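Q: Questions regarding the structure given below will be posed in turn.
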Amino acid sequence: MASTPETFIPPKSKNVLELIDIDSESTFELDTKERFLHINPDADFTVGNDFNIDGNNYDAILLQSSAFGTLTPKALVRTIKKIAPHLAPDGMIIFILDNIGRADNVEAILEGKAPTARATLTFAEVVQAVQDAGMIPVKTLARSRETRVRRAIAELAQTQLQLQNFVVAAVTPEAARVGTTLIHSYIGERMVCANVRIHEPNRMLSTEVGVILRDEDVQDGMHLVDKDAYNNMIFINQRVSSFSPEAGISTFNEISSRGYLLIEEMDDHPIWWKEKYERNKFINFIACHGVQASTENLAELFRQFNPNVRVFGNHLSILPPPRDFDEEAKQDRPVSIFFGALNRDKDVEEIMPALNEVLAEYGDKIEFNVIAKRGLFNQINCPNKNFLGDDNYYDGQIVPYDEYEKILRRSDISLLPLRDVIFNRSKSDLKFIECAGNGAVILASPVVYGNSVVDGETGFIYHDQKEFAAKLKLLIDDGVKRREVAKKAYDYVKHNRLLSQHYEERLDWYRELLAKLPELNAEARKRIENLDQYADAIAHAWE
């Protein structure tokens with residue numbers, strides 16, 4: 001997610017006030033409310049330009065530069081003191097200060113135009129004003145965006161050219177007493193899983209007071225911070241498995257000796273890497289303080305090796321806008337069917353005869369879009385089909401996420417087949433909520449999706465080829481029913497499956513474990529000493 005102003009507001013915030021200059025020409029400021037409501041649609045978000053604030057207990061008050069950037073430092077201190085009493089006890093004031101030396105301004109001035117940013121305060125003056133007003137700056141950073149300008153200008157302004165805003169977040173001294181918590185993530189799989197499992201949840205956690213993020217790719221090696229560098233330190237090992245039991249034990253000893261809480265993150269069944277896990281004897285799940293997984297099926301497996309397992313389901317970090325189905329219904333276009341998934345060719349093979357039979361019946365009334373291997377695409381019997389991947393990039397199975405979402409938003413039906421095998425039974429329902437958030441009705445197997453989809457209400461479940469064909473025809477023929485189900489699925493995601501509704505659960509669990517870290521260290525060492533006792537669990541892990 002880009003670092004736009006709304007990303008600095010704690011996503012849990014239920015009562016938000018943004019102060020701007022209503023007469024400002026910047027639509028960037030006016031869009032902050034709309035963007036935040038896609039993160040937390042239940043928030044009460046007020047926009048105003050009057051420092052005489054009505055009401056109390058704001059979780060966040062956002063001050064855009066247009067509202068305060070031309071005040072004197074002393075006037076800003078008075079303004080902060082006037083605003084602070086309206087905060088909730090753990091509320092936050094966030095200042096977004098324009099950088100008057102940024103590229104937009106430099107170009108405007110050289111062209112004889114008025115600068116777009118008119119702030120006169122400096123970053124240091126804002127920080128000092130916060131402190132003089134009796135508040136504590138808990139986050140200070142510079143926010144940039146890509147800007148292209150003439151080379152001469154770039155040489156003149158150097159790095160300051162790209163700096164768009166300074167951001168200062170402040171809380172009361174009481175709220176700042178929580179101390180510092182480092183969340184240090186070690187990323188083993190960045191292409192597919194890291195964003196939804198690590199980066200998006202951690203980005204939301206970083207809005208909490210005292211939470212600091214650090215992440216490293218496994219290719220760059222592990223670089224631990226000094227012992228006691230922070231009040232609390234959490235190391236999240238994402239899908240980096242040790243080569244041997246000895247290597248895993250060595251890693252645990254090194255990380256735990258620095259005072260870290262070590263959490264193993266895994267969201268797929270290890271059978272995909274069976275040889276590796278048989279060699280290392282599941283040491284990553286034994287020699288750690290806790291394991292976080294995406295499904296209860298995985299949690300049951302990991303609890304055989306470690307009692308401290310917690311399920312954090314997958315959720316959307318941003319709720320897409322609802323589709324205008326009434327307008328779409330007026331368009332004379334084919335019904336659009338979508339299939340897109342990584343390594344699921346065999347899952348589609350079970351329904352391919354029934355699928356091709358239906359496609360042959362409807363002919364060019366169907367548009368079929370596919371993200372998969374070329375061989376699977378070639379098996380689909382549809383005159384109006386599109387291969388959306390790049391054969392030279394992961395065999396065509398992966399496209400940029402924004403492209404994937406665009407495809408979903410123009411699809412009427414999304415096919416989600418999963419065979420009943422051990423690997424699939426451990427997968428999450430992420431594709432269902434991605435489809436639901438973008439208005440595509442799913443036709444899915446009962447494996448995984450039967451646990452979260454209400455058949456005929458928020459999607460459709462099939463149990464054999466005959467039922468698959470019948471429900472696919474229903475979805476093709478009945479546009480009214482299709483749109484009705486799509487709206488119910490969207491509402492389900494809106495009220496139940498947004499990350500803003502769940503991200504705090506992670507920090508609560510980490511703090512629960514941190515409170516008993518010495519005990520967890522002793523338990524982990526005892527498990528390591530008795531590795532042989534897990535032989536049966538390893539043998540049965542593949543059943």
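Following the order of the structure tokens, first chain is A, next is B, and so on, with residues numbered from 1 inside each chain and ligands from 1 in the order they appear.
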Just want the 7 Å neighbourhood of Ser445 (chain A), counted on only C-alpha atoms, with same-chain residues fewer than 4 positions away dropped. Output as a list in words.

A: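 What passes the distance filter is Leu416, Pro417, Leu418, Tyr449, Ile461, Tyr462 and His463 of chain A.
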
Q: List the neighbours of Ile183 (chain A) out to 8 Å using only C-alpha atoms; skip same-chain residues closer than 5 positions along the sequence, and give me the result as a PyMOL selection string.

A: chain A and resi 202+211-214+233-236

Q: For the selection just defined, write its residues with all heavy atoms to a file, as an mmCIF file, in the first residue's frame.

A:
```cif
data_model
loop_
_atom_site.group_PDB
_atom_site.id
_atom_site.type_symbol
_atom_site.label_atom_id
_atom_site.label_comp_id
_atom_site.auth_asym_id
_atom_site.auth_seq_id
_atom_site.Cartn_x
_atom_site.Cartn_y
_atom_site.Cartn_z
ATOM 1 N N ASN A 202 1.656 -6.035 9.007
ATOM 2 C CA ASN A 202 2.677 -5.269 9.715
ATOM 3 C C ASN A 202 2.546 -3.777 9.456
ATOM 4 O O ASN A 202 2.807 -2.961 10.348
ATOM 5 C CB ASN A 202 4.071 -5.754 9.321
ATOM 6 C CG ASN A 202 4.438 -7.064 9.983
ATOM 7 O OD1 ASN A 202 3.668 -7.618 10.758
ATOM 8 N ND2 ASN A 202 5.608 -7.579 9.671
ATOM 9 N N VAL A 211 5.522 0.800 17.668
ATOM 10 C CA VAL A 211 5.814 -0.349 16.803
ATOM 11 C C VAL A 211 6.697 0.087 15.634
ATOM 12 O O VAL A 211 6.381 1.038 14.921
ATOM 13 C CB VAL A 211 4.521 -0.994 16.283
ATOM 14 C CG1 VAL A 211 4.847 -2.096 15.276
ATOM 15 C CG2 VAL A 211 3.713 -1.574 17.443
ATOM 16 N N ILE A 212 7.797 -0.614 15.458
ATOM 17 C CA ILE A 212 8.785 -0.300 14.423
ATOM 18 C C ILE A 212 8.979 -1.544 13.565
ATOM 19 O O ILE A 212 9.074 -2.662 14.088
ATOM 20 C CB ILE A 212 10.120 0.127 15.057
ATOM 21 C CG1 ILE A 212 9.914 1.402 15.873
ATOM 22 C CG2 ILE A 212 11.195 0.338 14.008
ATOM 23 C CD1 ILE A 212 10.735 1.472 17.106
ATOM 24 N N LEU A 213 9.040 -1.365 12.251
ATOM 25 C CA LEU A 213 9.168 -2.496 11.335
ATOM 26 C C LEU A 213 10.568 -2.593 10.755
ATOM 27 O O LEU A 213 11.243 -1.591 10.540
ATOM 28 C CB LEU A 213 8.180 -2.360 10.173
ATOM 29 C CG LEU A 213 6.694 -2.239 10.497
ATOM 30 C CD1 LEU A 213 5.896 -2.215 9.198
ATOM 31 C CD2 LEU A 213 6.234 -3.380 11.386
ATOM 32 N N ARG A 214 10.943 -3.838 10.503
ATOM 33 C CA ARG A 214 12.175 -4.110 9.762
ATOM 34 C C ARG A 214 11.976 -5.413 9.020
ATOM 35 O O ARG A 214 11.462 -6.378 9.591
ATOM 36 C CB ARG A 214 13.360 -4.219 10.719
ATOM 37 C CG ARG A 214 14.672 -4.591 10.029
ATOM 38 C CD ARG A 214 15.814 -4.609 11.014
ATOM 39 N NE ARG A 214 17.070 -4.961 10.374
ATOM 40 C CZ ARG A 214 18.235 -4.953 10.989
ATOM 41 N NH1 ARG A 214 18.312 -4.608 12.265
ATOM 42 N NH2 ARG A 214 19.336 -5.298 10.333
ATOM 43 N N MET A 233 11.208 -7.320 21.131
ATOM 44 C CA MET A 233 11.663 -7.636 19.779
ATOM 45 C C MET A 233 11.010 -8.945 19.313
ATOM 46 O O MET A 233 11.068 -9.951 20.020
ATOM 47 C CB MET A 233 13.184 -7.745 19.732
ATOM 48 C CG MET A 233 13.892 -6.452 20.128
ATOM 49 S SD MET A 233 15.671 -6.442 19.772
ATOM 50 C CE MET A 233 16.253 -7.771 20.808
ATOM 51 N N ILE A 234 10.408 -8.887 18.149
ATOM 52 C CA ILE A 234 9.713 -10.045 17.577
ATOM 53 C C ILE A 234 10.362 -10.367 16.238
ATOM 54 O O ILE A 234 10.517 -9.484 15.382
ATOM 55 C CB ILE A 234 8.216 -9.739 17.380
ATOM 56 C CG1 ILE A 234 7.573 -9.340 18.716
ATOM 57 C CG2 ILE A 234 7.489 -10.925 16.758
ATOM 58 C CD1 ILE A 234 6.305 -8.524 18.547
ATOM 59 N N PHE A 235 10.747 -11.617 16.056
ATOM 60 C CA PHE A 235 11.339 -12.065 14.794
ATOM 61 C C PHE A 235 10.348 -13.012 14.130
ATOM 62 O O PHE A 235 10.004 -14.060 14.685
ATOM 63 C CB PHE A 235 12.665 -12.785 15.048
ATOM 64 C CG PHE A 235 13.463 -13.066 13.802
ATOM 65 C CD1 PHE A 235 14.453 -12.196 13.392
ATOM 66 C CD2 PHE A 235 13.213 -14.199 13.035
ATOM 67 C CE1 PHE A 235 15.195 -12.455 12.244
ATOM 68 C CE2 PHE A 235 13.931 -14.462 11.892
ATOM 69 C CZ PHE A 235 14.936 -13.586 11.488
ATOM 70 N N ILE A 236 9.862 -12.642 12.944
ATOM 71 C CA ILE A 236 8.911 -13.476 12.207
ATOM 72 C C ILE A 236 9.656 -14.141 11.059
ATOM 73 O O ILE A 236 10.136 -13.472 10.137
ATOM 74 C CB ILE A 236 7.725 -12.656 11.681
ATOM 75 C CG1 ILE A 236 6.996 -11.981 12.847
ATOM 76 C CG2 ILE A 236 6.764 -13.555 10.900
ATOM 77 C CD1 ILE A 236 5.861 -11.083 12.422
#
```

Q: Could you state the separation of CA of Ile198 (chain A) and CA of Asn343 (chain A) in Å, given to one decimal place?

A: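 Between CA of Ile198 (chain A) and CA of Asn343 (chain A) the gap works out to 21.9 Å.
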
Q: For Ile371 (chain A), list every protein, DNA or RNA residue within 6 Å, evaluated using only C-alpha atoms, and leave out those in the same chain fewer than 2 positions away; present the list as a ChimeraX atom specification.

A: /A:340,388-389,397

Q: Can you write out the residues you just picked, keeping N, CA, C and O atoms, as an mmCIF file, in the first residue's frame?

A:
```cif
data_model
loop_
_atom_site.group_PDB
_atom_site.id
_atom_site.type_symbol
_atom_site.label_atom_id
_atom_site.label_comp_id
_atom_site.auth_asym_id
_atom_site.auth_seq_id
_atom_site.Cartn_x
_atom_site.Cartn_y
_atom_site.Cartn_z
ATOM 1 N N GLY A 340 -7.990 -18.155 -12.559
ATOM 2 C CA GLY A 340 -6.615 -17.728 -12.388
ATOM 3 C C GLY A 340 -6.067 -18.222 -11.070
ATOM 4 O O GLY A 340 -6.588 -17.875 -10.020
ATOM 5 N N LEU A 388 -4.019 -14.365 -20.222
ATOM 6 C CA LEU A 388 -3.667 -13.088 -19.613
ATOM 7 C C LEU A 388 -2.270 -13.045 -19.019
ATOM 8 O O LEU A 388 -1.794 -11.984 -18.639
ATOM 9 N N GLY A 389 -1.623 -14.190 -18.887
ATOM 10 C CA GLY A 389 -0.290 -14.220 -18.314
ATOM 11 C C GLY A 389 0.787 -14.011 -19.364
ATOM 12 O O GLY A 389 0.511 -13.836 -20.550
ATOM 13 N N GLN A 397 1.515 -17.928 -15.035
ATOM 14 C CA GLN A 397 0.588 -18.125 -13.922
ATOM 15 C C GLN A 397 0.464 -16.920 -12.987
ATOM 16 O O GLN A 397 -0.398 -16.909 -12.108
#
```

Q: Hey, what's within 7 Å of Ser242 (chain A) if we count only C-alpha atoms and toss same-chain stuff fewer than 2 positions away? As an NGL selection string, please?

A: :A and (240 or 244 or 247-248 or 280 or 284)

Q: Take the residues just selected and output them with N, CA, C and O atoms as a tab-separated table (two decimals), in the first residue's frame.

A:
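Wrote out03.tsv, looks like this:
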```tsv
chain	number	residue	atom	x	y	z
A	240	VAL	N	11.08	-19.68	5.77
A	240	VAL	CA	12.51	-19.98	5.61
A	240	VAL	C	12.80	-21.21	6.44
A	240	VAL	O	12.89	-21.15	7.66
A	244	SER	N	18.85	-28.41	8.15
A	244	SER	CA	19.00	-29.58	9.01
A	244	SER	C	18.53	-29.23	10.41
A	244	SER	O	18.40	-28.05	10.76
A	247	ALA	N	21.06	-26.94	12.06
A	247	ALA	CA	21.01	-25.55	11.59
A	247	ALA	C	19.84	-24.80	12.23
A	247	ALA	O	19.97	-23.64	12.61
A	248	GLY	N	18.70	-25.49	12.37
A	248	GLY	CA	17.54	-24.87	13.00
A	248	GLY	C	17.78	-24.55	14.46
A	248	GLY	O	17.37	-23.49	14.96
A	280	ASN	N	14.89	-31.96	7.83
A	280	ASN	CA	15.13	-31.07	8.98
A	280	ASN	C	14.25	-31.40	10.19
A	280	ASN	O	14.33	-30.74	11.22
A	284	ASN	N	11.89	-26.08	12.40
A	284	ASN	CA	11.44	-24.69	12.46
A	284	ASN	C	10.23	-24.51	13.36
A	284	ASN	O	10.06	-23.44	13.98
```

Q: Kindly give the distance, in Å, that separates CA of Pro11 (chain A) and CA of Phe36 (chain A), rounded to a single decimal.

A: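 Computing the Euclidean distance for CA of Pro11 (chain A) and CA of Phe36 (chain A) yields 8.0 Å.
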
Q: Using only C-alpha atoms, which protein or nucleic acid residues come within 10 Å of region 290-296 of chain A? Drop anything in the same chain fewer than 6 positions from it, and give the result as a PyMOL selection string.

A: chain A and resi 197+236-238+261-269+284+302-303+305-314+425-430+448+506+509-510+513+520+524

Q: Grab the residues selected above and save them as a short mmCIF file (atom, residue, chain, number, x, y, z; two decimals), in the first residue's frame with N, CA and C atoms.

A:
```
data_model
loop_
_atom_site.label_atom_id
_atom_site.label_comp_id
_atom_site.auth_asym_id
_atom_site.auth_seq_id
_atom_site.Cartn_x
_atom_site.Cartn_y
_atom_site.Cartn_z
N ARG A 197 0.46 -11.92 4.06
CA ARG A 197 0.77 -12.56 5.35
C ARG A 197 1.66 -11.71 6.25
N ILE A 236 9.86 -12.64 12.94
CA ILE A 236 8.91 -13.48 12.21
C ILE A 236 9.66 -14.14 11.06
N ASN A 237 9.78 -15.45 11.13
CA ASN A 237 10.46 -16.23 10.11
C ASN A 237 9.43 -16.73 9.10
N GLN A 238 9.37 -16.08 7.94
CA GLN A 238 8.34 -16.40 6.96
C GLN A 238 8.86 -17.39 5.92
N LEU A 261 11.47 -12.67 20.51
CA LEU A 261 10.42 -13.68 20.45
C LEU A 261 10.43 -14.20 19.02
N LEU A 262 10.62 -15.51 18.83
CA LEU A 262 10.72 -16.09 17.49
C LEU A 262 9.40 -16.74 17.09
N ILE A 263 8.81 -16.22 16.02
CA ILE A 263 7.54 -16.72 15.50
C ILE A 263 7.77 -17.32 14.11
N GLU A 264 7.30 -18.54 13.92
CA GLU A 264 7.36 -19.18 12.60
C GLU A 264 6.05 -18.90 11.87
N GLU A 265 6.15 -18.36 10.66
CA GLU A 265 4.98 -18.06 9.83
C GLU A 265 4.91 -19.04 8.67
N MET A 266 3.76 -19.74 8.55
CA MET A 266 3.61 -20.70 7.45
C MET A 266 2.15 -20.74 7.02
N ASP A 267 1.92 -20.66 5.71
CA ASP A 267 0.54 -20.65 5.23
C ASP A 267 0.29 -21.68 4.12
N ASP A 268 1.13 -22.69 4.04
CA ASP A 268 0.91 -23.81 3.12
C ASP A 268 1.33 -25.10 3.81
N HIS A 269 0.76 -26.20 3.36
CA HIS A 269 1.12 -27.49 3.96
C HIS A 269 2.54 -27.88 3.54
N ASN A 284 11.89 -26.08 12.40
CA ASN A 284 11.44 -24.69 12.46
C ASN A 284 10.23 -24.51 13.36
N PHE A 302 0.62 -28.22 13.12
CA PHE A 302 1.74 -27.60 13.82
C PHE A 302 1.66 -27.78 15.34
N ARG A 303 0.46 -27.97 15.87
CA ARG A 303 0.33 -28.16 17.32
C ARG A 303 0.95 -29.48 17.78
N PHE A 305 3.87 -30.20 17.11
CA PHE A 305 5.27 -29.85 17.31
C PHE A 305 5.47 -28.68 18.26
N ASN A 306 4.42 -27.89 18.45
CA ASN A 306 4.54 -26.69 19.28
C ASN A 306 3.14 -26.33 19.80
N PRO A 307 2.95 -26.16 21.11
CA PRO A 307 1.61 -25.88 21.63
C PRO A 307 1.14 -24.44 21.37
N ASN A 308 2.08 -23.56 21.04
CA ASN A 308 1.74 -22.13 20.88
C ASN A 308 1.50 -21.82 19.40
N VAL A 309 0.31 -22.15 18.94
CA VAL A 309 -0.05 -21.94 17.54
C VAL A 309 -1.29 -21.05 17.49
N ARG A 310 -1.26 -20.06 16.60
CA ARG A 310 -2.41 -19.17 16.46
C ARG A 310 -2.76 -19.02 14.98
N VAL A 311 -4.06 -19.06 14.68
CA VAL A 311 -4.54 -18.89 13.31
C VAL A 311 -4.86 -17.42 13.07
N PHE A 312 -4.25 -16.84 12.05
CA PHE A 312 -4.61 -15.51 11.57
C PHE A 312 -5.06 -15.67 10.13
N GLY A 313 -6.36 -15.57 9.92
CA GLY A 313 -6.90 -15.75 8.59
C GLY A 313 -6.45 -14.66 7.63
N ASN A 314 -6.63 -14.91 6.36
CA ASN A 314 -6.29 -13.91 5.34
C ASN A 314 -7.48 -12.98 5.11
N ARG A 425 -6.42 -28.97 1.24
CA ARG A 425 -7.25 -28.85 2.43
C ARG A 425 -6.68 -27.84 3.42
N SER A 426 -5.41 -27.51 3.28
CA SER A 426 -4.78 -26.55 4.20
C SER A 426 -4.75 -25.12 3.65
N LYS A 427 -5.29 -24.91 2.45
CA LYS A 427 -5.27 -23.58 1.86
C LYS A 427 -6.34 -22.69 2.49
N SER A 428 -6.18 -21.39 2.34
CA SER A 428 -7.15 -20.43 2.88
C SER A 428 -8.18 -20.09 1.81
N ASP A 429 -9.19 -19.32 2.20
CA ASP A 429 -10.24 -18.91 1.27
C ASP A 429 -9.97 -17.53 0.69
N LEU A 430 -8.71 -17.14 0.61
CA LEU A 430 -8.36 -15.79 0.16
C LEU A 430 -8.96 -15.47 -1.21
N VAL A 448 -12.13 -26.27 1.24
CA VAL A 448 -11.81 -24.92 1.71
C VAL A 448 -13.03 -24.01 1.67
N ARG A 506 -2.91 -9.89 16.16
CA ARG A 506 -1.52 -10.34 16.09
C ARG A 506 -0.69 -9.72 17.22
N TRP A 509 -1.44 -11.16 20.59
CA TRP A 509 -0.84 -12.48 20.80
C TRP A 509 0.66 -12.37 21.04
N TYR A 510 1.33 -11.53 20.25
CA TYR A 510 2.77 -11.35 20.45
C TYR A 510 3.05 -10.86 21.86
N LEU A 513 2.73 -13.61 24.41
CA LEU A 513 3.89 -14.49 24.43
C LEU A 513 5.12 -13.79 25.03
N LEU A 520 8.89 -19.60 27.78
CA LEU A 520 8.85 -20.15 26.43
C LEU A 520 10.23 -20.59 25.97
N ALA A 524 11.02 -24.39 24.75
CA ALA A 524 11.61 -24.68 23.43
C ALA A 524 12.86 -25.53 23.57
#
```

Q: I'd like to know which residues of region 318-517 of chain A are strand (DSSP E or B) (by DSSP, run on the backbone); could you write them as number ranges by chain?

A: A: 335-340, 366-371, 385-387, 413-416, 441-444, 455, 459-461, 498

Q: Record the distance separating CA of His38 (chain A) and CA of Thr180 (chain A), expressed in Å with one decimal.

A: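 Going from CA of His38 (chain A) over to CA of Thr180 (chain A), I get 28.8 Å.
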
Q: Please return as a ChimeraX atom specification: the residues of region 438-514 of chain A that backbone DSSP assigns to helix (DSSP H, G or I).

A: /A:449-451,465-477,479-496,499-501,504-514

Q: Can those selected residues be exported to a file as a compact mmCIF listing (two decimals), in the first residue's frame so that it contains N, CA and C atoms?

A:
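This is the output file part-v8.txt:
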```txt
# COMPACT_ATOMS: atom_id res chain seq x y z
N TYR A 449 -13.62 -23.83 0.47
CA TYR A 449 -14.66 -22.81 0.32
C TYR A 449 -15.98 -23.20 0.96
N GLY A 450 -16.20 -24.49 1.16
CA GLY A 450 -17.41 -24.92 1.84
C GLY A 450 -17.50 -24.45 3.27
N ASN A 451 -16.36 -24.05 3.85
CA ASN A 451 -16.35 -23.59 5.24
C ASN A 451 -16.74 -22.13 5.39
N GLN A 465 -19.27 -33.14 -11.28
CA GLN A 465 -19.31 -32.46 -12.57
C GLN A 465 -20.73 -32.08 -12.97
N LYS A 466 -21.69 -32.93 -12.63
CA LYS A 466 -23.07 -32.63 -12.99
C LYS A 466 -23.55 -31.36 -12.29
N GLU A 467 -23.26 -31.26 -11.00
CA GLU A 467 -23.68 -30.08 -10.24
C GLU A 467 -22.91 -28.84 -10.71
N PHE A 468 -21.64 -29.04 -11.07
CA PHE A 468 -20.85 -27.92 -11.58
C PHE A 468 -21.50 -27.36 -12.85
N ALA A 469 -21.85 -28.23 -13.77
CA ALA A 469 -22.44 -27.78 -15.04
C ALA A 469 -23.77 -27.08 -14.80
N ALA A 470 -24.60 -27.64 -13.92
CA ALA A 470 -25.92 -27.06 -13.66
C ALA A 470 -25.80 -25.67 -13.04
N LYS A 471 -24.89 -25.50 -12.09
CA LYS A 471 -24.76 -24.20 -11.42
C LYS A 471 -24.06 -23.19 -12.32
N LEU A 472 -23.16 -23.66 -13.17
CA LEU A 472 -22.53 -22.73 -14.10
C LEU A 472 -23.57 -22.19 -15.09
N LYS A 473 -24.45 -23.05 -15.57
CA LYS A 473 -25.51 -22.59 -16.47
C LYS A 473 -26.44 -21.60 -15.77
N LEU A 474 -26.77 -21.89 -14.51
CA LEU A 474 -27.62 -20.98 -13.75
C LEU A 474 -26.97 -19.59 -13.66
N LEU A 475 -25.68 -19.56 -13.37
CA LEU A 475 -24.98 -18.29 -13.24
C LEU A 475 -24.89 -17.55 -14.58
N ILE A 476 -24.75 -18.29 -15.66
CA ILE A 476 -24.69 -17.67 -16.98
C ILE A 476 -26.05 -17.09 -17.37
N ASP A 477 -27.10 -17.85 -17.10
CA ASP A 477 -28.44 -17.46 -17.56
C ASP A 477 -29.11 -16.41 -16.68
N GLY A 479 -28.75 -13.39 -14.68
CA GLY A 479 -27.95 -12.23 -14.27
C GLY A 479 -28.45 -11.59 -13.00
N VAL A 480 -29.76 -11.63 -12.76
CA VAL A 480 -30.32 -11.04 -11.54
C VAL A 480 -29.82 -11.79 -10.31
N LYS A 481 -29.88 -13.12 -10.36
CA LYS A 481 -29.40 -13.93 -9.24
C LYS A 481 -27.90 -13.73 -9.04
N ARG A 482 -27.17 -13.65 -10.14
CA ARG A 482 -25.73 -13.48 -10.08
C ARG A 482 -25.38 -12.17 -9.35
N ARG A 483 -26.06 -11.12 -9.69
CA ARG A 483 -25.77 -9.82 -9.06
C ARG A 483 -26.22 -9.80 -7.60
N GLU A 484 -27.31 -10.49 -7.30
CA GLU A 484 -27.79 -10.57 -5.92
C GLU A 484 -26.77 -11.27 -5.03
N VAL A 485 -26.21 -12.38 -5.52
CA VAL A 485 -25.20 -13.12 -4.76
C VAL A 485 -23.93 -12.29 -4.63
N ALA A 486 -23.55 -11.60 -5.69
CA ALA A 486 -22.34 -10.78 -5.66
C ALA A 486 -22.45 -9.70 -4.59
N LYS A 487 -23.61 -9.09 -4.46
CA LYS A 487 -23.79 -8.02 -3.46
C LYS A 487 -23.72 -8.59 -2.04
N LYS A 488 -24.28 -9.77 -1.83
CA LYS A 488 -24.23 -10.38 -0.49
C LYS A 488 -22.81 -10.78 -0.13
N ALA A 489 -22.07 -11.28 -1.10
CA ALA A 489 -20.68 -11.66 -0.84
C ALA A 489 -19.84 -10.42 -0.53
N TYR A 490 -20.10 -9.34 -1.24
CA TYR A 490 -19.38 -8.07 -0.98
C TYR A 490 -19.66 -7.58 0.43
N ASP A 491 -20.92 -7.64 0.85
CA ASP A 491 -21.27 -7.20 2.20
C ASP A 491 -20.62 -8.09 3.26
N TYR A 492 -20.51 -9.38 2.97
CA TYR A 492 -19.85 -10.30 3.91
C TYR A 492 -18.39 -9.87 4.13
N VAL A 493 -17.70 -9.56 3.04
CA VAL A 493 -16.31 -9.11 3.15
C VAL A 493 -16.24 -7.78 3.89
N LYS A 494 -17.11 -6.87 3.54
CA LYS A 494 -17.11 -5.53 4.15
C LYS A 494 -17.25 -5.60 5.66
N HIS A 495 -18.09 -6.48 6.16
CA HIS A 495 -18.39 -6.52 7.59
C HIS A 495 -17.59 -7.56 8.37
N ASN A 496 -16.89 -8.46 7.65
CA ASN A 496 -16.22 -9.55 8.35
C ASN A 496 -14.78 -9.82 7.95
N LEU A 499 -8.87 -6.48 6.91
CA LEU A 499 -7.74 -6.57 7.82
C LEU A 499 -7.84 -5.58 8.97
N SER A 500 -8.44 -4.42 8.72
CA SER A 500 -8.59 -3.42 9.79
C SER A 500 -9.40 -3.95 10.96
N GLN A 501 -10.21 -4.98 10.71
CA GLN A 501 -11.04 -5.58 11.76
C GLN A 501 -10.28 -6.64 12.56
N GLU A 504 -5.11 -6.20 14.95
CA GLU A 504 -4.67 -6.06 16.34
C GLU A 504 -4.52 -7.41 17.04
N GLU A 505 -5.21 -8.44 16.54
CA GLU A 505 -5.12 -9.76 17.15
C GLU A 505 -3.68 -10.27 17.17
N ARG A 506 -2.91 -9.89 16.16
CA ARG A 506 -1.52 -10.34 16.09
C ARG A 506 -0.69 -9.72 17.22
N LEU A 507 -0.80 -8.42 17.37
CA LEU A 507 -0.01 -7.75 18.41
C LEU A 507 -0.43 -8.20 19.80
N ASP A 508 -1.72 -8.43 19.98
CA ASP A 508 -2.19 -8.95 21.28
C ASP A 508 -1.53 -10.29 21.60
N TRP A 509 -1.44 -11.16 20.59
CA TRP A 509 -0.84 -12.48 20.80
C TRP A 509 0.66 -12.37 21.04
N TYR A 510 1.33 -11.53 20.25
CA TYR A 510 2.77 -11.35 20.45
C TYR A 510 3.05 -10.86 21.86
N ARG A 511 2.27 -9.91 22.34
CA ARG A 511 2.48 -9.38 23.69
C ARG A 511 2.19 -10.43 24.76
N GLU A 512 1.20 -11.27 24.49
CA GLU A 512 0.89 -12.37 25.42
C GLU A 512 2.09 -13.31 25.54
N LEU A 513 2.73 -13.61 24.41
CA LEU A 513 3.89 -14.49 24.43
C LEU A 513 5.12 -13.79 25.03
N LEU A 514 5.29 -12.52 24.72
CA LEU A 514 6.43 -11.77 25.25
C LEU A 514 6.41 -11.73 26.78
```

Q: Have a look at A:Arg497, A:His223, A:Lys406, A:His289 and name the one nearest to Arg527 (chain A); count only C-alpha atoms.

A: A:His289

Q: Can you pull out every residue within 12 Å of Thr207 (chain A), counting only C-alpha atoms, but drop anything in the same chain fewer than 2 positions away, and send it as a PyMOL selection string?

A: chain A and resi 3+5-13+59-60+91-94+138-140+168-171+181+200-205+209-213+500+503-504+507
